[in-house]
>>> print(open('my_file-v7.csv').read())   # CSV, C-alpha atoms
chain,number,residue,atom,x,y,z
Y,188,MET,CA,115.8,134.6,80.7
Y,189,LEU,CA,118.5,133.4,83.1
Y,190,SER,CA,120.7,136.5,82.3
Y,191,THR,CA,117.7,138.8,83.1
Y,192,VAL,CA,117.3,137.0,86.4
Y,193,SER,CA,121.0,137.2,87.3
Y,194,ARG,CA,121.2,140.8,86.3
Y,195,GLN,CA,118.2,141.7,88.6
Y,196,LEU,CA,119.7,139.6,91.4
Y,197,LYS,CA,122.9,141.5,91.3
Y,198,SER,CA,121.0,144.7,92.0
Y,199,HIS,CA,119.0,143.1,94.7
Y,200,PRO,CA,121.3,140.7,96.4
Y,201,ALA,CA,119.0,140.2,99.4
Y,202,LEU,CA,116.9,138.0,97.2
Y,203,VAL,CA,119.5,135.2,96.9
Y,204,PRO,CA,118.3,133.4,100.0
Y,205,LEU,CA,114.9,133.2,98.5
Y,206,PHE,CA,116.2,131.4,95.5
Y,207,ILE,CA,118.2,129.1,97.8
Y,208,PHE,CA,115.3,128.1,99.9
Y,209,ILE,CA,112.8,127.7,97.1
Y,210,GLY,CA,115.3,125.8,95.0
Y,211,GLY,CA,116.2,123.6,98.0
Y,212,GLY,CA,112.5,122.9,98.6
Y,213,THR,CA,111.9,121.9,95.0
Y,214,VAL,CA,114.9,119.6,95.0
Y,215,MET,CA,113.8,118.0,98.3
Y,216,SER,CA,110.2,117.4,97.2
Y,217,GLY,CA,111.4,116.1,93.8
Y,218,ALA,CA,113.8,113.8,95.5
Y,219,TYR,CA,111.2,112.4,97.8
Y,220,LEU,CA,108.8,111.8,94.9
Y,221,LEU,CA,111.6,109.9,93.2
Y,222,ARG,CA,112.2,107.9,96.3
Y,223,LEU,CA,108.5,107.0,96.4
Y,224,ALA,CA,108.4,106.2,92.7
Y,225,MET,CA,111.3,103.8,93.0
Y,226,GLY,CA,109.8,102.0,96.0
Y,227,PRO,CA,108.4,98.5,96.0
Y,228,HIS,CA,104.9,99.6,96.7
Y,229,VAL,CA,104.2,100.9,93.2
Y,230,SER,CA,103.9,98.7,90.1
Y,231,TRP,CA,105.0,100.4,86.9
Y,232,ASN,CA,104.9,97.4,84.6
Y,233,ARG,CA,101.7,95.5,85.0
Y,234,ASN,CA,102.7,92.6,82.8
Y,235,GLY,CA,106.4,92.2,83.6
Y,236,ASN,CA,106.5,93.1,87.3
Y,237,PRO,CA,103.0,93.0,88.7
Y,238,GLU,CA,103.6,92.8,92.5
Y,239,PRO,CA,107.0,94.2,93.4
Y,240,TRP,CA,106.2,94.3,97.1
Y,241,ASN,CA,106.2,90.5,97.2
Y,242,LYS,CA,109.8,90.4,96.1
Y,243,THR,CA,111.1,92.1,99.3
Y,244,GLU,CA,112.5,90.5,102.4
Y,245,PRO,CA,110.3,90.3,105.5
Y,246,THR,CA,112.8,92.3,107.4
Y,247,GLN,CA,113.1,95.1,104.9
Y,248,GLN,CA,112.0,98.5,106.1
Y,249,HIS,CA,109.9,100.4,103.5
Y,250,LYS,CA,109.1,103.4,105.5
Y,251,PHE,CA,111.4,106.4,105.6
Y,252,TYR,CA,111.4,106.5,109.4
Y,253,SER,CA,109.8,104.1,111.8
Y,254,VAL,CA,109.5,104.3,115.5
Y,255,ASN,CA,109.7,101.4,117.9
Y,256,MET,CA,109.8,98.7,115.3
Y,257,ASP,CA,112.5,96.0,115.4
Y,258,TYR,CA,112.6,94.8,111.8
Y,259,SER,CA,115.3,92.2,112.3
Y,260,LYS,CA,113.0,89.9,114.2
Y,261,LEU,CA,110.3,89.6,111.5
Y,262,LYS,CA,109.8,86.4,109.5
Y,263,LYS,CA,107.6,85.4,106.6
Y,264,GLU,CA,104.3,84.5,108.1
Y,265,GLY,CA,102.3,82.5,105.6
Y,266,PRO,CA,103.0,79.1,104.2
Y,267,ASP,CA,104.9,78.8,100.9
Y,268,PHE,CA,103.1,77.5,97.9
P,80,MET,CA,106.7,73.0,108.0
P,81,SER,CA,103.0,72.3,108.0
P,82,ASP,CA,102.8,71.7,111.8
P,83,VAL,CA,104.5,75.0,112.4
P,84,ILE,CA,101.7,76.5,110.3
P,85,GLU,CA,99.1,74.4,112.1
P,86,GLU,CA,100.3,75.7,115.4
P,87,LYS,CA,100.3,79.3,114.2
P,88,ILE,CA,96.7,78.8,113.0
P,89,LYS,CA,95.7,77.3,116.3
P,90,ASN,CA,97.3,80.2,118.3
P,91,TYR,CA,96.0,82.9,115.9
P,92,ARG,CA,94.9,86.1,117.5
P,93,THR,CA,95.0,88.7,114.7
P,94,ALA,CA,96.9,89.6,111.6
P,95,PRO,CA,100.6,90.1,112.4
P,96,PHE,CA,102.7,93.0,111.3
P,97,ASP,CA,103.6,92.7,107.6
P,98,ALA,CA,106.6,94.7,106.6
P,99,ARG,CA,105.3,95.0,103.0
P,100,PHE,CA,102.5,97.1,104.3
P,101,PRO,CA,103.8,99.2,107.1
P,102,ASN,CA,101.4,102.2,106.9
P,103,THR,CA,97.9,102.9,108.0
P,104,ASN,CA,96.3,102.0,104.7
P,105,GLN,CA,96.0,98.2,104.8
P,106,THR,CA,93.9,97.8,101.7
P,107,ARG,CA,96.6,96.1,99.8
P,108,ASN,CA,97.4,93.8,102.7
P,109,CYS,CA,93.8,92.6,102.7
P,110,PHE,CA,93.7,92.1,98.9
P,111,GLN,CA,97.1,90.4,98.9
P,112,ASN,CA,96.1,87.9,101.5
P,113,TYR,CA,92.9,87.2,99.7
P,114,LEU,CA,94.8,86.6,96.5
P,115,ASP,CA,97.4,84.5,98.3
P,116,PHE,CA,94.6,82.3,99.8
P,117,HIS,CA,93.2,81.5,96.5
P,118,ARG,CA,96.6,81.1,94.8
P,119,CYS,CA,97.7,78.8,97.6
P,120,ASN,CA,94.5,76.7,97.3
P,121,LYS,CA,95.0,76.5,93.5
P,122,ALA,CA,98.8,75.7,93.8
P,123,LEU,CA,98.5,73.1,96.5
P,124,SER,CA,95.5,71.3,95.0
P,125,ASP,CA,97.3,71.2,91.7
P,126,LYS,CA,100.2,69.5,93.4
P,127,GLY,CA,97.8,67.2,95.2
P,128,GLN,CA,98.8,68.4,98.7
P,129,ASP,CA,96.6,69.2,101.6
P,130,VAL,CA,95.3,72.8,101.4
P,131,ALA,CA,95.0,73.2,105.2
P,132,PRO,CA,98.1,75.5,105.5
P,133,CYS,CA,96.3,78.0,103.2
P,134,ASP,CA,93.9,78.7,106.1
P,135,TRP,CA,96.5,81.1,107.5
P,136,TYR,CA,95.9,83.5,104.6
P,137,GLN,CA,92.1,83.1,105.1
P,138,ARG,CA,92.4,84.0,108.8
P,139,VAL,CA,94.5,87.0,108.0
P,140,TYR,CA,92.2,88.4,105.3
P,141,LYS,CA,89.2,87.8,107.4
P,142,SER,CA,90.8,89.8,110.2
P,143,LEU,CA,91.7,92.7,107.8
P,144,CYS,CA,89.0,93.0,105.1
P,145,PRO,CA,85.6,94.5,105.4
P,146,LEU,CA,82.9,91.9,105.2
P,147,SER,CA,81.3,93.6,102.2
P,148,TRP,CA,84.5,93.3,100.2
P,149,VAL,CA,84.9,89.6,101.0
P,150,ALA,CA,81.3,88.9,100.0
P,151,LYS,CA,81.7,90.8,96.8
P,152,TRP,CA,85.0,89.1,95.9
P,153,ASP,CA,83.6,85.7,96.8
P,154,ASP,CA,80.7,86.3,94.4
P,155,GLN,CA,83.1,87.5,91.7
P,156,VAL,CA,85.3,84.4,92.1
P,157,GLU,CA,82.3,82.2,91.9
P,158,ALA,CA,81.0,84.0,88.8
P,159,GLY,CA,84.5,84.0,87.3
P,160,SER,CA,84.7,87.8,87.0
P,161,PHE,CA,87.2,88.4,89.8
P,162,PRO,CA,89.7,91.1,88.6
P,163,GLY,CA,92.7,89.8,90.4
P,164,LYS,CA,95.1,87.2,89.0
P,165,ILE,CA,94.6,83.9,90.8
>>> encode(input="my_file-v7.csv", output="structure tokens")
Amino acid sequence: MLSTVSRQLKSHPALVPLFIFIGGGTVMSGAYLLRLAMGPHVSWNRNGNPEPWNKTEPTQQHKFYSVNMDYSKLKKEGPDF
Amino acid sequence: MSDVIEEKIKNYRTAPFDARFPNTNQTRNCFQNYLDFHRCNKALSDKGQDVAPCDWYQRVYKSLCPLSWVAKWDDQVEAGSFPGKI
């Protein structure tokens, strides 16, 4: 199937940017999904690792991009027990 | 340590920013503080210490959670059918 596609592409070279942009979009969305899946807000193993968001530092930034937020000044709020 | 917490509880205005829950959806923040309040009560009373510092978690979840959720969970805790791990 790949040989059919590449043969057709050779006769219509103007379609190459289409593949580039669609492929790039797929890669970028897949990469963001992976980034979300590996984040601390999702618990994959209910018995072994039930609350991974509790294992992070109070100063750790979880968002991709945050505006006007100085993370270095945060501390753990509640009492330890 | 506990007088720091006492002072924080005395000067409490609202739930502070929690880096674990930075987005608009604060559901998990509410549930986590509810869990932490009950876990803190259980842990400190098992150790025989004063449970007053746990009030911080109670203030936070009372600021965040809808009253109907708190009422439902309180009933469930009393009945022993609360789904979270305390």
>>> interface_residues(input="my_file-v7.csv", of="chain Y", to="chain P", cutoff="9 Å", atoms="all atoms listed in the file", output="PyMOL selection string")
chain Y and resi 227-228+240-241+243-250+258+261+263-268
>>> atom_distance(input="my_file-v7.csv", atom1="CA of His117 in chain P", atom2="CA of Val156 in chain P")
9.5 Å
>>> atom_distance(input="my_file-v7.csv", atom1="CA of Gly211 in chain Y", atom2="CA of Ser253 in chain Y")
24.7 Å
>>> atom_distance(input="my_file-v7.csv", atom1="CA of Tyr140 in chain P", atom2="CA of Asp153 in chain P")
12.4 Å
>>> closest_residue(input="my_file-v7.csv", among="P:Pro162, P:Gln105, P:Tyr113, P:Arg92", to="Val149 in chain P", atoms="all atoms listed in the file")
P:Tyr113
